[in-house]
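Asker: I'm passing along upload_5.cif; it holds mmCIF, C-alpha atoms and all ligand atoms.
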data_work
#
loop_
_atom_site.group_PDB
_atom_site.id
_atom_site.type_symbol
_atom_site.label_atom_id
_atom_site.label_comp_id
_atom_site.auth_asym_id
_atom_site.auth_seq_id
_atom_site.Cartn_x
_atom_site.Cartn_y
_atom_site.Cartn_z
ATOM 1 C CA MET A 1 82.755 7.344 22.095
ATOM 2 C CA TRP A 2 81.409 4.057 20.754
ATOM 3 C CA LEU A 3 78.470 3.658 23.132
ATOM 4 C CA GLU A 4 75.194 5.187 22.040
ATOM 5 C CA PRO A 5 72.993 6.359 24.916
ATOM 6 C CA HIS A 6 70.110 3.992 24.133
ATOM 7 C CA SER A 7 72.347 0.911 24.200
ATOM 8 C CA LEU A 8 73.498 1.540 27.775
ATOM 9 C CA GLY A 9 70.449 -0.272 29.182
ATOM 10 C CA ALA A 10 71.089 -3.268 26.942
ATOM 11 C CA LEU A 11 74.698 -3.344 28.029
ATOM 12 C CA LEU A 12 73.744 -3.277 31.714
ATOM 13 C CA GLN A 13 71.328 -6.117 31.063
ATOM 14 C CA LEU A 14 74.081 -8.079 29.416
ATOM 15 C CA PHE A 15 76.290 -7.687 32.468
ATOM 16 C CA ALA A 16 73.521 -8.265 35.015
ATOM 17 C CA PRO A 17 74.456 -11.924 35.677
ATOM 18 C CA VAL A 18 78.091 -10.921 36.178
ATOM 19 C CA LEU A 19 77.094 -8.159 38.586
ATOM 20 C CA ALA A 20 74.811 -10.558 40.470
ATOM 21 C CA ALA A 21 77.614 -13.109 40.749
ATOM 22 C CA LEU A 22 80.004 -10.420 41.970
ATOM 23 C CA LEU A 23 77.510 -9.257 44.578
ATOM 24 C CA SER A 24 76.829 -12.807 45.764
ATOM 25 C CA VAL A 25 80.563 -13.333 46.299
ATOM 26 C CA LEU A 26 80.776 -10.106 48.280
ATOM 27 C CA GLN A 27 77.810 -11.007 50.467
ATOM 28 C CA PRO A 28 78.455 -13.092 53.568
ATOM 29 C CA HIS A 29 77.044 -16.646 53.433
ATOM 30 C CA GLY A 30 76.410 -17.103 57.132
ATOM 31 C CA ALA A 31 78.943 -17.516 59.902
ATOM 32 C CA PRO A 32 81.814 -19.898 59.213
ATOM 33 C CA SER A 33 81.807 -23.070 61.330
ATOM 34 C CA PRO A 34 84.504 -23.270 64.020
ATOM 35 C CA THR A 35 86.466 -25.958 62.131
ATOM 36 C CA GLN A 36 86.929 -23.790 59.056
ATOM 37 C CA GLU A 37 90.335 -22.268 58.594
ATOM 38 C CA ALA A 38 89.188 -19.800 55.947
ATOM 39 C CA PRO A 39 85.745 -18.816 54.711
ATOM 40 C CA MET A 40 84.556 -21.272 52.071
ATOM 41 C CA SER A 41 81.583 -20.174 50.069
ATOM 42 C CA SER A 42 81.029 -22.579 47.217
ATOM 43 C CA PRO A 43 80.471 -26.217 48.134
ATOM 44 C CA ARG A 44 81.141 -28.834 45.497
ATOM 45 C CA SER A 45 78.057 -30.890 44.699
ATOM 46 C CA PRO A 46 78.214 -34.504 43.517
ATOM 47 C CA GLN A 47 78.408 -34.500 39.734
ATOM 48 C CA PHE A 48 78.680 -38.212 39.066
ATOM 49 C CA ILE A 49 78.021 -41.104 41.444
ATOM 50 C CA THR A 50 78.739 -44.698 40.523
ATOM 51 C CA SER A 51 80.205 -47.927 41.897
ATOM 52 C CA SER A 52 83.440 -49.673 41.025
ATOM 53 C CA LYS A 53 82.910 -52.534 38.554
ATOM 54 C CA ALA A 54 84.339 -56.050 38.720
ATOM 55 C CA THR A 55 87.004 -56.671 36.093
ATOM 56 C CA MET A 56 90.152 -58.743 35.560
ATOM 57 C CA GLU A 57 93.720 -57.544 35.094
ATOM 58 C CA GLY A 58 97.265 -58.904 35.033
ATOM 59 C CA ALA A 59 97.489 -62.710 34.972
ATOM 60 C CA GLY A 60 93.896 -63.081 36.140
ATOM 61 C CA VAL A 61 93.523 -60.822 39.180
ATOM 62 C CA HIS A 62 89.899 -60.138 40.045
ATOM 63 C CA LEU A 63 89.551 -56.525 41.054
ATOM 64 C CA ARG A 64 87.139 -53.624 40.891
ATOM 65 C CA ARG A 65 87.735 -50.570 38.731
ATOM 66 C CA ALA A 66 86.297 -47.345 40.120
ATOM 67 C CA PHE A 67 87.129 -45.428 36.939
ATOM 68 C CA GLY A 68 89.339 -45.913 33.921
ATOM 69 C CA TYR A 69 89.453 -45.640 30.152
ATOM 70 C CA ALA A 70 85.662 -45.398 29.845
ATOM 71 C CA GLU A 71 85.584 -42.249 31.984
ATOM 72 C CA LEU A 72 88.280 -40.282 30.115
ATOM 73 C CA PRO A 73 88.973 -37.413 30.578
ATOM 74 C CA ARG A 74 86.531 -36.808 33.405
ATOM 75 C CA PHE A 75 89.013 -37.502 36.212
ATOM 76 C CA ASP A 76 91.995 -35.647 34.642
ATOM 77 C CA PRO A 77 94.818 -35.672 35.921
ATOM 78 C CA PHE A 78 93.856 -39.162 37.122
ATOM 79 C CA LEU A 79 93.422 -41.993 34.658
ATOM 80 C CA MET A 80 92.363 -44.953 36.724
ATOM 81 C CA LEU A 81 91.558 -46.170 40.228
ATOM 82 C CA ASP A 82 91.616 -49.909 40.907
ATOM 83 C CA ASP A 83 90.358 -51.446 44.153
ATOM 84 C CA PHE A 84 92.003 -54.852 44.571
ATOM 85 C CA ARG A 85 90.686 -55.899 47.991
ATOM 86 C CA SER A 86 90.064 -59.644 48.121
ATOM 87 C CA ASN A 87 89.667 -62.446 50.667
ATOM 88 C CA ASP A 88 90.296 -65.175 48.117
ATOM 89 C CA PRO A 89 93.981 -65.739 47.213
ATOM 90 C CA ASP A 90 92.895 -67.793 44.174
ATOM 91 C CA GLN A 91 91.576 -64.536 42.748
ATOM 92 C CA TYR A 92 94.859 -62.621 42.955
ATOM 93 C CA LEU A 93 97.945 -64.817 43.544
ATOM 94 C CA GLU A 94 98.760 -64.931 39.805
ATOM 95 C CA GLY A 95 99.408 -61.214 40.214
ATOM 96 C CA PHE A 96 100.741 -58.793 37.641
ATOM 97 C CA PRO A 97 103.850 -60.433 36.115
ATOM 98 C CA TRP A 98 106.449 -58.412 34.184
ATOM 99 C CA HIS A 99 104.836 -55.628 32.178
ATOM 100 C CA PRO A 100 105.927 -52.202 30.887
ATOM 101 C CA HIS A 101 104.687 -48.710 31.751
ATOM 102 C CA ARG A 102 105.388 -45.370 30.115
ATOM 103 C CA GLY A 103 103.987 -41.864 30.505
ATOM 104 C CA ILE A 104 102.275 -42.256 33.890
ATOM 105 C CA GLU A 105 102.774 -42.422 37.641
ATOM 106 C CA THR A 106 101.134 -45.086 39.796
ATOM 107 C CA ILE A 107 100.358 -44.742 43.498
ATOM 108 C CA THR A 108 99.691 -48.009 45.322
ATOM 109 C CA TYR A 109 98.224 -47.852 48.819
ATOM 110 C CA MET A 110 97.795 -51.052 50.826
ATOM 111 C CA LEU A 111 95.188 -51.584 53.542
ATOM 112 C CA GLU A 112 95.929 -55.255 54.257
ATOM 113 C CA GLY A 113 98.316 -57.914 53.022
ATOM 114 C CA SER A 114 101.194 -56.910 50.783
ATOM 115 C CA VAL A 115 102.476 -56.541 47.242
ATOM 116 C CA GLU A 116 105.931 -57.851 46.341
ATOM 117 C CA HIS A 117 107.464 -55.996 43.459
ATOM 118 C CA GLY A 118 110.553 -55.835 41.332
ATOM 119 C CA ASP A 119 111.547 -53.704 38.378
ATOM 120 C CA SER A 120 113.918 -53.224 35.483
ATOM 121 C CA MET A 121 116.006 -50.742 37.488
ATOM 122 C CA GLY A 122 116.852 -53.481 39.990
ATOM 123 C CA ASN A 123 114.497 -52.318 42.731
ATOM 124 C CA ARG A 124 112.919 -55.046 44.867
ATOM 125 C CA GLY A 125 110.545 -54.533 47.748
ATOM 126 C CA VAL A 126 107.344 -55.283 49.578
ATOM 127 C CA ILE A 127 104.529 -52.799 50.102
ATOM 128 C CA GLY A 128 103.120 -53.847 53.482
ATOM 129 C CA PRO A 129 99.810 -53.072 55.188
ATOM 130 C CA GLY A 130 99.258 -49.313 55.412
ATOM 131 C CA GLY A 131 102.240 -48.741 53.114
ATOM 132 C CA VAL A 132 102.476 -46.706 49.943
ATOM 133 C CA GLN A 133 104.562 -47.031 46.835
ATOM 134 C CA TRP A 134 104.636 -44.579 44.022
ATOM 135 C CA MET A 135 106.306 -45.125 40.738
ATOM 136 C CA THR A 136 107.094 -42.701 37.973
ATOM 137 C CA ALA A 137 107.190 -44.760 34.806
ATOM 138 C CA GLY A 138 108.481 -41.773 32.836
ATOM 139 C CA HIS A 139 110.150 -42.952 29.608
ATOM 140 C CA GLY A 140 109.841 -46.560 30.620
ATOM 141 C CA ILE A 141 109.928 -49.182 33.322
ATOM 142 C CA ILE A 142 109.216 -52.916 33.295
ATOM 143 C CA HIS A 143 108.010 -54.293 36.595
ATOM 144 C CA GLN A 144 105.974 -56.954 38.317
ATOM 145 C CA GLU A 145 103.524 -56.608 41.184
ATOM 146 C CA MET A 146 102.529 -59.722 43.120
ATOM 147 C CA PRO A 147 99.845 -59.456 45.848
ATOM 148 C CA LYS A 148 100.226 -61.712 48.913
ATOM 149 C CA PRO A 149 97.764 -62.359 51.747
ATOM 150 C CA GLY A 150 98.378 -61.066 55.251
ATOM 151 C CA PRO A 151 98.448 -63.424 58.288
ATOM 152 C CA ASP A 152 94.633 -63.428 58.371
ATOM 153 C CA GLY A 153 94.431 -64.337 54.679
ATOM 154 C CA ARG A 154 93.213 -60.896 53.677
ATOM 155 C CA MET A 155 94.744 -58.622 51.051
ATOM 156 C CA GLY A 156 93.686 -55.326 49.638
ATOM 157 C CA GLY A 157 94.522 -51.869 48.503
ATOM 158 C CA PHE A 158 94.192 -49.337 45.750
ATOM 159 C CA GLN A 159 96.214 -48.348 42.722
ATOM 160 C CA LEU A 160 95.719 -44.863 41.360
ATOM 161 C CA TRP A 161 97.172 -43.822 38.010
ATOM 162 C CA ALA A 162 98.132 -40.172 37.699
ATOM 163 C CA ASN A 163 98.866 -38.933 34.192
ATOM 164 C CA LEU A 164 102.114 -37.137 33.353
ATOM 165 C CA PRO A 165 102.038 -33.902 31.343
ATOM 166 C CA ALA A 166 103.741 -34.040 27.920
ATOM 167 C CA ALA A 167 106.770 -32.211 29.334
ATOM 168 C CA ASN A 168 107.363 -35.037 31.868
ATOM 169 C CA LYS A 169 106.222 -38.132 29.994
ATOM 170 C CA LEU A 170 109.760 -39.177 29.088
ATOM 171 C CA MET A 171 111.442 -38.251 32.382
ATOM 172 C CA PRO A 172 113.707 -40.804 34.085
ATOM 173 C CA PRO A 173 111.746 -43.515 35.918
ATOM 174 C CA ARG A 174 111.775 -43.728 39.737
ATOM 175 C CA TYR A 175 110.326 -45.781 42.567
ATOM 176 C CA ARG A 176 109.629 -44.714 46.148
ATOM 177 C CA GLU A 177 108.285 -46.709 49.039
ATOM 178 C CA LEU A 178 106.881 -45.894 52.465
ATOM 179 C CA THR A 179 105.726 -48.004 55.394
ATOM 180 C CA ALA A 180 102.574 -47.384 57.438
ATOM 181 C CA ASP A 181 104.730 -45.595 60.050
ATOM 182 C CA ASP A 182 105.710 -42.980 57.467
ATOM 183 C CA ILE A 183 102.069 -41.998 56.839
ATOM 184 C CA PRO A 184 100.894 -39.403 59.396
ATOM 185 C CA LYS A 185 97.665 -40.317 61.190
ATOM 186 C CA VAL A 186 96.057 -37.081 62.290
ATOM 187 C CA PRO A 187 93.015 -36.848 64.574
ATOM 188 C CA ILE A 188 90.277 -34.572 63.241
ATOM 189 C CA PRO A 189 86.900 -33.720 64.816
ATOM 190 C CA GLY A 190 84.863 -36.934 64.560
ATOM 191 C CA GLY A 191 87.573 -39.090 63.087
ATOM 192 C CA GLU A 192 91.050 -39.533 61.749
ATOM 193 C CA VAL A 193 92.918 -38.901 58.519
ATOM 194 C CA ARG A 194 95.925 -40.683 57.049
ATOM 195 C CA ILE A 195 97.706 -38.152 54.889
ATOM 196 C CA ILE A 196 99.402 -39.823 51.964
ATOM 197 C CA ALA A 197 99.804 -36.642 49.934
ATOM 198 C CA GLY A 198 98.696 -33.081 50.590
ATOM 199 C CA THR A 199 98.135 -31.118 53.780
ATOM 200 C CA LEU A 200 95.439 -31.211 56.440
ATOM 201 C CA GLY A 201 95.477 -29.573 59.870
ATOM 202 C CA GLY A 202 98.994 -28.291 59.246
ATOM 203 C CA VAL A 203 100.387 -31.786 58.554
ATOM 204 C CA THR A 204 101.784 -32.640 55.122
ATOM 205 C CA GLY A 205 101.882 -36.199 53.782
ATOM 206 C CA PRO A 206 105.138 -37.795 52.606
ATOM 207 C CA VAL A 207 104.268 -38.309 48.939
ATOM 208 C CA THR A 208 105.466 -34.972 47.615
ATOM 209 C CA ASP A 209 107.094 -35.649 44.264
ATOM 210 C CA VAL A 210 104.265 -36.980 42.132
ATOM 211 C CA VAL A 211 104.486 -34.560 39.197
ATOM 212 C CA THR A 212 100.817 -33.523 39.285
ATOM 213 C CA ALA A 213 101.071 -32.953 43.084
ATOM 214 C CA PRO A 214 97.750 -34.568 44.006
ATOM 215 C CA GLU A 215 96.173 -34.552 47.430
ATOM 216 C CA TYR A 216 95.489 -38.096 48.648
ATOM 217 C CA LEU A 217 93.722 -38.651 51.978
ATOM 218 C CA ASP A 218 92.394 -41.777 53.708
ATOM 219 C CA LEU A 219 89.601 -40.489 55.939
ATOM 220 C CA ARG A 220 87.862 -42.428 58.711
ATOM 221 C CA LEU A 221 84.790 -40.681 60.134
ATOM 222 C CA GLN A 222 82.739 -41.825 63.115
ATOM 223 C CA PRO A 223 78.964 -42.315 62.741
ATOM 224 C CA GLY A 224 77.293 -38.984 61.969
ATOM 225 C CA ALA A 225 80.564 -37.021 61.860
ATOM 226 C CA THR A 226 80.901 -34.251 59.296
ATOM 227 C CA LEU A 227 83.868 -32.743 57.533
ATOM 228 C CA GLN A 228 84.342 -29.608 55.496
ATOM 229 C CA HIS A 229 87.541 -29.758 53.523
ATOM 230 C CA PRO A 230 88.904 -26.990 51.295
ATOM 231 C CA THR A 231 89.773 -27.962 47.723
ATOM 232 C CA PRO A 232 91.334 -25.545 45.229
ATOM 233 C CA PRO A 233 88.759 -24.363 42.661
ATOM 234 C CA GLY A 234 89.371 -25.938 39.267
ATOM 235 C CA HIS A 235 90.864 -29.119 40.707
ATOM 236 C CA THR A 236 89.317 -32.515 40.053
ATOM 237 C CA VAL A 237 88.009 -34.005 43.323
ATOM 238 C CA PHE A 238 86.628 -37.491 43.977
ATOM 239 C CA ALA A 239 85.842 -39.743 46.941
ATOM 240 C CA TYR A 240 85.833 -43.552 47.027
ATOM 241 C CA VAL A 241 84.126 -45.369 49.907
ATOM 242 C CA PHE A 242 85.719 -48.553 51.269
ATOM 243 C CA ALA A 243 83.823 -49.091 54.553
ATOM 244 C CA GLY A 244 80.665 -47.725 56.175
ATOM 245 C CA GLU A 245 78.706 -45.090 54.317
ATOM 246 C CA LEU A 246 78.948 -41.494 53.225
ATOM 247 C CA LEU A 247 75.730 -39.528 53.526
ATOM 248 C CA LEU A 248 75.528 -37.259 50.515
ATOM 249 C CA GLY A 249 72.454 -35.328 49.355
ATOM 250 C CA GLY A 250 70.174 -37.657 51.325
ATOM 251 C CA ARG A 251 71.748 -40.788 49.824
ATOM 252 C CA LEU A 252 73.797 -43.368 51.706
ATOM 253 C CA LEU A 253 76.820 -44.306 49.608
ATOM 254 C CA SER A 254 78.284 -47.597 50.773
ATOM 255 C CA ASP A 255 81.418 -49.641 50.063
ATOM 256 C CA HIS A 256 82.656 -49.326 46.423
ATOM 257 C CA SER A 257 80.847 -46.020 45.823
ATOM 258 C CA LEU A 258 82.663 -43.402 43.757
ATOM 259 C CA VAL A 259 81.705 -39.728 43.790
ATOM 260 C CA LEU A 260 83.109 -37.154 41.395
ATOM 261 C CA PHE A 261 82.450 -33.633 42.642
ATOM 262 C CA GLY A 262 81.643 -30.575 40.564
ATOM 263 C CA ASP A 263 83.685 -27.410 40.967
ATOM 264 C CA GLY A 264 83.795 -25.331 44.143
ATOM 265 C CA ASP A 265 86.143 -24.365 46.947
ATOM 266 C CA HIS A 266 85.316 -27.146 49.416
ATOM 267 C CA VAL A 267 83.669 -30.503 49.905
ATOM 268 C CA SER A 268 81.138 -31.020 52.672
ATOM 269 C CA LEU A 269 81.016 -34.648 53.781
ATOM 270 C CA ALA A 270 79.011 -36.575 56.367
ATOM 271 C CA ALA A 271 79.324 -40.143 57.621
ATOM 272 C CA GLY A 272 76.256 -42.384 57.832
ATOM 273 C CA PRO A 273 75.122 -44.338 60.911
ATOM 274 C CA ARG A 274 77.958 -46.882 60.525
ATOM 275 C CA GLY A 275 80.660 -44.280 60.035
ATOM 276 C CA ALA A 276 82.599 -43.906 56.808
ATOM 277 C CA SER A 277 86.046 -44.828 55.527
ATOM 278 C CA PHE A 278 86.939 -43.347 52.178
ATOM 279 C CA LEU A 279 89.675 -41.988 49.984
ATOM 280 C CA LEU A 280 89.485 -38.294 49.124
ATOM 281 C CA VAL A 281 91.703 -37.385 46.191
ATOM 282 C CA SER A 282 92.162 -34.180 44.233
ATOM 283 C CA GLY A 283 94.462 -32.808 41.581
ATOM 284 C CA HIS A 284 94.918 -30.113 38.969
ATOM 285 C CA PRO A 285 93.723 -31.244 35.519
ATOM 286 C CA ILE A 286 96.447 -31.472 32.871
ATOM 287 C CA GLY A 287 94.117 -30.722 29.946
ATOM 288 C CA GLU A 288 96.195 -32.400 27.233
ATOM 289 C CA PRO A 289 95.156 -35.009 24.635
ATOM 290 C CA ILE A 290 95.341 -38.581 25.970
ATOM 291 C CA ALA A 291 96.372 -41.605 23.910
ATOM 292 C CA TRP A 292 96.126 -44.730 26.049
ATOM 293 C CA ARG A 293 96.765 -48.366 25.299
ATOM 294 C CA GLY A 294 97.075 -50.827 28.198
ATOM 295 C CA PRO A 295 99.925 -49.825 30.515
ATOM 296 C CA ILE A 296 101.150 -46.945 28.334
ATOM 297 C CA VAL A 297 99.615 -43.491 28.234
ATOM 298 C CA MET A 298 100.926 -40.809 25.871
ATOM 299 C CA ASN A 299 99.549 -37.758 24.058
ATOM 300 C CA THR A 300 99.331 -39.137 20.505
ATOM 301 C CA ASP A 301 98.663 -42.482 18.783
ATOM 302 C CA ASP A 302 102.062 -42.152 17.135
ATOM 303 C CA GLU A 303 103.789 -42.086 20.515
ATOM 304 C CA ILE A 304 101.807 -45.203 21.514
ATOM 305 C CA ARG A 305 102.927 -47.021 18.342
ATOM 306 C CA GLN A 306 106.547 -46.020 18.983
ATOM 307 C CA ALA A 307 106.352 -47.265 22.586
ATOM 308 C CA PHE A 308 104.986 -50.700 21.644
ATOM 309 C CA GLU A 309 107.450 -51.006 18.774
ATOM 310 C CA ALA A 310 110.311 -50.208 21.154
ATOM 311 C CA TYR A 311 108.974 -52.785 23.627
ATOM 312 C CA ARG A 312 108.868 -55.449 20.873
ATOM 313 C CA ASN A 313 112.372 -54.735 19.560
ATOM 314 C CA GLY A 314 113.990 -54.448 22.995
ATOM 315 C CA THR A 315 114.754 -50.715 22.986
ATOM 316 C CA PHE A 316 111.984 -49.713 25.416
ATOM 317 C CA LEU A 317 114.367 -49.190 28.356
ATOM 318 C CA ARG A 318 117.166 -46.662 28.184
HETATM 319 MN MN MN A 401 102.105 -52.061 36.824
#
Render the structure in this file as structure tokens.
Ligand code: MN
Answerer:
Amino acid sequence: MWLEPHSLGALLQLFAPVLAALLSVLQPHGAPSPTQEAPMSSPRSPQFITSSKATMEGAGVHLRRAFGYAELPRFDPFLMLDDFRSNDPDQYLEGFPWHPHRGIETITYMLEGSVEHGDSMGNRGVIGPGGVQWMTAGHGIIHQEMPKPGPDGRMGGFQLWANLPAANKLMPPRYRELTADDIPKVPIPGGEVRIIAGTLGGVTGPVTDVVTAPEYLDLRLQPGATLQHPTPPGHTVFAYVFAGELLLGGRLLSDHSLVLFGDGDHVSLAAGPRGASFLLVSGHPIGEPIAWRGPIVMNTDDEIRQAFEAYRNGTFLR
């Protein structure tokens, strides 16, 4: 027996917060709303709210970066989200000429206009309005991405970078492409969701083989509509507004707003008076060291040096 009688009280005191937490989990938190599929008890609160910032990439494409290198590793497993909507072809027609990638996956989702692309594996294609392309750079790919205006002169979409875990960084590269018709549009109370990856209302999106298996939703809510959406505890969850406004904690978050949520088992979202269109993305953090230079993201500086050396001496592709 290691416990002396007088220390029992101290021990109980020590465990009091744990007991309280246990009890609070066991206690009901009010009746679940009719739209809930399972009881959700811990809402995620906004942890970080910001706006995408104007920057330039490629051969002089003006775009907005929602998050990137400066935010590492806050959005793990995601590295970057670029918003390249533009009404001025002069600001994007130079595009992203031939450049390498290694160690990541990119997911490009078009709202309007298109992106013509080609790569070192001989793939050629066009990502059209509402279409999605995802690319596993794996051990290496060299590609170009050239945005083109739609018939109304408009062009825009998003590119999300998902990191690859060390075990998959050097996997064989691959490219997949989907048209708008391949993306399920599912009505939900007060709106509609386009499911790019993940499952909502029993419907699963077509992007299923991104290694980190993210959930990627394009949600359109009518004015004042609300949505409670379950998110696995421990996953990184963010929303990015691209039209209307999200009403969050008494604040109206308009176009270009980015919200990173703290931990919990669901997000509770509400549209403002003009409705809200936004991306809702989540994924399991990888939790590994990140070494990142330009289009190449590895675990160590040594691996970065090797990658650039291989690119210079022509042995980057296998
Ligand atoms: Mn690229």
Asker: Residues up to 12 Å from ligand MN 401 (chain A), counting only C-alpha atoms and all ligand atoms: could you list those as number ranges by chain?
Answerer: A: 57-59, 82, 95-102, 104-108, 115-120, 133-137, 140-147, 159-161, 175, 294-296
Asker: Hey, can you pull every residue with an atom no more than 12 Å from (108.3, -48.0, 24.3), using only C-alpha atoms, and send it as a PyMOL selection string?
Answerer: chain A and resi 99-103+137-142+169-170+293+295-298+302-318
Asker: Convert the output of the PyMOL selection byres (((chain A and resi 165) around 10) and not hetatm) on the shown file into explicit residues, formatted as a VMD selection string.
Answerer: chain A and resid 77 103 to 104 162 to 164 166 to 170 211 to 212 285 to 290 298 to 299
Asker: If you count only C-alpha atoms, which residues fall within 9 Å of A:Phe75, apart from same-chain ones fewer than 6 positions away, as a short mmCIF file (atom, residue, chain, number, x, y, z; two decimals) with C-alpha atoms, keeping the file's coordinate frame?
Answerer:
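Output file selection26.cif is given in full below:
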data_model
loop_
_atom_site.label_atom_id
_atom_site.label_comp_id
_atom_site.auth_asym_id
_atom_site.auth_seq_id
_atom_site.Cartn_x
_atom_site.Cartn_y
_atom_site.Cartn_z
CA PHE A 67 87.13 -45.43 36.94
CA GLY A 68 89.34 -45.91 33.92
CA THR A 236 89.32 -32.52 40.05
CA VAL A 237 88.01 -34.01 43.32
CA PHE A 238 86.63 -37.49 43.98
CA LEU A 260 83.11 -37.15 41.40
CA GLY A 283 94.46 -32.81 41.58
CA PRO A 285 93.72 -31.24 35.52
#
Asker: Could you please determine the separation between atom CA of A:Val132 and atom CA of A:Asp209 in Å, to one decimal place?
Answerer: 13.3 Å
Asker: Work out how far atom CA of A:Leu217 is from atom CA of A:Met80, in Å to one decimal.
Answerer: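 The value is 16.6 Å.
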Asker: Select, from A:Pro232, A:Gly264, A:Gly60, A:Gly275, the residue with the minimum atom-to-atom distance to A:Leu246, counting only C-alpha atoms.
Answerer: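 Ranked by minimum distance to A:Leu246, first place goes to A:Gly275.
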Asker: Measuring atom to atom with only C-alpha atoms, identify which of A:Asp152, A:Glu177, A:Asp218, A:Glu192 is nearest to A:Val281.
Answerer: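 Checking each of A:Asp152, A:Glu177, A:Asp218, A:Glu192 against A:Val281, counting only C-alpha atoms, the winner is A:Asp218.
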Asker: I'd like to know which of A:Gly250, A:Gly125, A:Pro151, A:Pro39 is closest to A:Arg176, using all atoms listed in the file.
Answerer: A:Gly125
Asker: Which one is closest to A:Leu280: A:Ile183, A:Leu200, A:Ile127, A:Leu252? Count only C-alpha atoms.
Answerer: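 Nearest to A:Leu280: A:Leu200.
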Asker: Identify, on the basis of only C-alpha atoms, every residue whose closest approach to A:Lys53 does not exceed 7 Å; exclude the query and any residue fewer than 3 positions from it along the same chain; express the result as an MDAnalysis selection string.
Answerer: chainID A and resid 64:66
Asker: Step by step, work through what the PyMOL selection byres (((chain A and resi 228) around 8) and not hetatm) selects in the shown file, and finish by giving those residues as a PyMOL selection string.
Answerer: chain A and resi 35-36+226-227+229-230+266-269
Asker: Can you write just those residues out, C-alpha atoms, as an mmCIF file, in the coordinates of the input?
Answerer:
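again-v6.cif written:
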data_model
loop_
_atom_site.group_PDB
_atom_site.id
_atom_site.type_symbol
_atom_site.label_atom_id
_atom_site.label_comp_id
_atom_site.auth_asym_id
_atom_site.auth_seq_id
_atom_site.Cartn_x
_atom_site.Cartn_y
_atom_site.Cartn_z
ATOM 1 C CA THR A 35 86.466 -25.958 62.131
ATOM 2 C CA GLN A 36 86.929 -23.790 59.056
ATOM 3 C CA THR A 226 80.901 -34.251 59.296
ATOM 4 C CA LEU A 227 83.868 -32.743 57.533
ATOM 5 C CA HIS A 229 87.541 -29.758 53.523
ATOM 6 C CA PRO A 230 88.904 -26.990 51.295
ATOM 7 C CA HIS A 266 85.316 -27.146 49.416
ATOM 8 C CA VAL A 267 83.669 -30.503 49.905
ATOM 9 C CA SER A 268 81.138 -31.020 52.672
ATOM 10 C CA LEU A 269 81.016 -34.648 53.781
#
